[in-house]
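Participant: Pasting a structure here, questions to come.
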Amino acid sequence: DTGVSQNPRHKITKRGQNVTFRCDPISEHNRLYWYRQTLGQGPEFLTYFQNEAQLEKSRLLSDRFSAERPKGSFSTLEIQRTEQGDSAMYLCASRGQVKSDTQYFGPGTRLTVL
Amino acid sequence: AQSVTQPDIHITVSEGASLELRCNYSYGATPYLFWYVQSPGQGLQLLLKYFSGDTLVQGIKGFEAEFKRSQSSFNLRKPSVHWSDAAEYFCAVGDYNNDMRFGAGTRLTVKP
């Protein structure tokens with residue numbers, strides 16, 4: 001399968017714990033995006049990378065959130081000191097460098113904070 | 001900044017009936033426009049996209065959408081709905097970098 005993959009698919013954690021999610025984009029894609037989707041809402045943009053550079057961060061991304069893409073390939077999204085309000089689906093997408101390229105989405109990681 | 005409004009939270013249609021899902025966008029320049037579908041437990045799948053050219057865009061699964069600049073709209077249509085079309089539909093607008101912002105979605109229910 002050469003699509004976007006995300007791990008884990010589900011994560012249950014207790015409030016206050018740290019969690020980390022991984023996204024593996026389509027191999028030739030240089031842009032990688034993170035979104036958050038809560039129940040009944042559309043995906044909300046969090047941040048994106050062009051290669052290893054993080055070019056934009058949403059105001060939704062509080063200081064407890066950090067994302068990295070150290071070698072311009074896979075990316076990690078870490079949430080520190082999780083809160084119940086962090087419970088959501090975290091989606092990753094990737095696309096090529098041509099503006100007309102499509103963003104391809106992974107299956108998401110569903111986070112539940114107890 | 002770009003934004004998207006999907007006025008209908010939930011729509012119910014009978015199988016075989018026609019469908020139109022509304023999408024209005026806000027963006028100062030020529031936008032990139034998309035429709036995605038999300039079935040329960042599935043990832044987002046692209047139905048169609050508009051970047052330039054013909055304002056009537058054909059997509060997968062028999063869907064089409066029309067870009068109307070004067071109305072800032074990009075409505076999704078299908079002439080005859082199938083039960084398998086029941087899902088959540090999201091409209092999105094991309095800026096000059098094709099970085100997307102999504103609407104809140106329209107949930108489609110199909111009656112037998």
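Every chain in the structure tokens takes a letter, A first, then B, and so on in the order presented; its residues are numbered from 1, and the ligands are numbered from 1 following the presented order.
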Write out as a tab-separated table the residues of chain A that have any atom within 12 Å of an atom of chain B, one row each with the nearest atom pair and its distance in Å to one decimal, counting only C-alpha atoms, sorted by chain and then rising number.
Facilitator:
```
residue	atom	partner	partner_atom	distance
A:Gly3	CA	B:Gly43	CA	11.1
A:Val4	CA	B:Gly43	CA	10.2
A:Ser5	CA	B:Gly43	CA	10.6
A:Gln6	CA	B:Gly43	CA	11.0
A:Arg9	CA	B:Gly41	CA	10.7
A:His10	CA	B:Gly41	CA	11.6
A:Arg31	CA	B:Asp99	CA	9.9
A:Leu32	CA	B:Asp99	CA	10.5
A:Tyr33	CA	B:Asp99	CA	8.9
A:Trp34	CA	B:Met100	CA	11.2
A:Tyr35	CA	B:Arg101	CA	9.8
A:Arg36	CA	B:Phe102	CA	11.1
A:Gln37	CA	B:Ala104	CA	9.7
A:Thr38	CA	B:Ala104	CA	10.0
A:Leu39	CA	B:Ala104	CA	10.0
A:Gly40	CA	B:Ala104	CA	7.1
A:Gln41	CA	B:Ala104	CA	4.6
A:Gly42	CA	B:Ala104	CA	4.3
A:Pro43	CA	B:Phe102	CA	6.0
A:Glu44	CA	B:Phe102	CA	6.9
A:Phe45	CA	B:Arg101	CA	6.7
A:Leu46	CA	B:Arg101	CA	10.4
A:Thr47	CA	B:Asp99	CA	10.1
A:Tyr48	CA	B:Asp99	CA	8.8
A:Phe49	CA	B:Asp99	CA	11.0
A:Gln50	CA	B:Asn97	CA	11.3
A:Leu55	CA	B:Asp99	CA	11.2
A:Glu56	CA	B:Asp99	CA	10.2
A:Ser58	CA	B:Arg101	CA	11.4
A:Met89	CA	B:Gly43	CA	10.6
A:Tyr90	CA	B:Gly43	CA	11.1
A:Leu91	CA	B:Gly43	CA	8.6
A:Cys92	CA	B:Gly43	CA	10.1
A:Ala93	CA	B:Leu44	CA	9.6
A:Ser94	CA	B:Asp99	CA	10.8
A:Arg95	CA	B:Asn98	CA	9.8
A:Gly96	CA	B:Asn98	CA	10.8
A:Gln97	CA	B:Asn97	CA	9.6
A:Val98	CA	B:Asn97	CA	9.1
A:Lys99	CA	B:Asn98	CA	5.7
A:Ser100	CA	B:Phe51	CA	6.9
A:Asp101	CA	B:Asn98	CA	8.3
A:Thr102	CA	B:Leu46	CA	8.2
A:Gln103	CA	B:Leu46	CA	8.4
A:Tyr104	CA	B:Gln45	CA	7.7
A:Phe105	CA	B:Leu44	CA	6.0
A:Gly106	CA	B:Gly43	CA	6.2
A:Pro107	CA	B:Gly43	CA	4.5
A:Gly108	CA	B:Gly43	CA	7.0
A:Thr109	CA	B:Gly43	CA	10.5
A:Arg110	CA	B:Gly41	CA	10.3
```
Participant: Which residues come within 6 Å of Val113 in chain A, counting only C-alpha atoms, excluding same-chain residues fewer than 3 positions away, as a list in words?
Facilitator: Ile12, Thr13, Lys14, Arg15, Gln84 and Ser87 of chain A
Participant: Taking only C-alpha atoms into account, which of A:Glu68, A:Asp63, A:Glu52, A:Glu78 comes nearest Phe21 in chain A?
Facilitator: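 Under the stated criterion, the closest residue is A:Glu78.
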Participant: Give me, as a count of residues only, all polymer residues having an atom no more than 8 Å from Leu56 in chain B, counting only C-alpha atoms and skipping those fewer than 4 positions away in the same chain.
Facilitator: 4
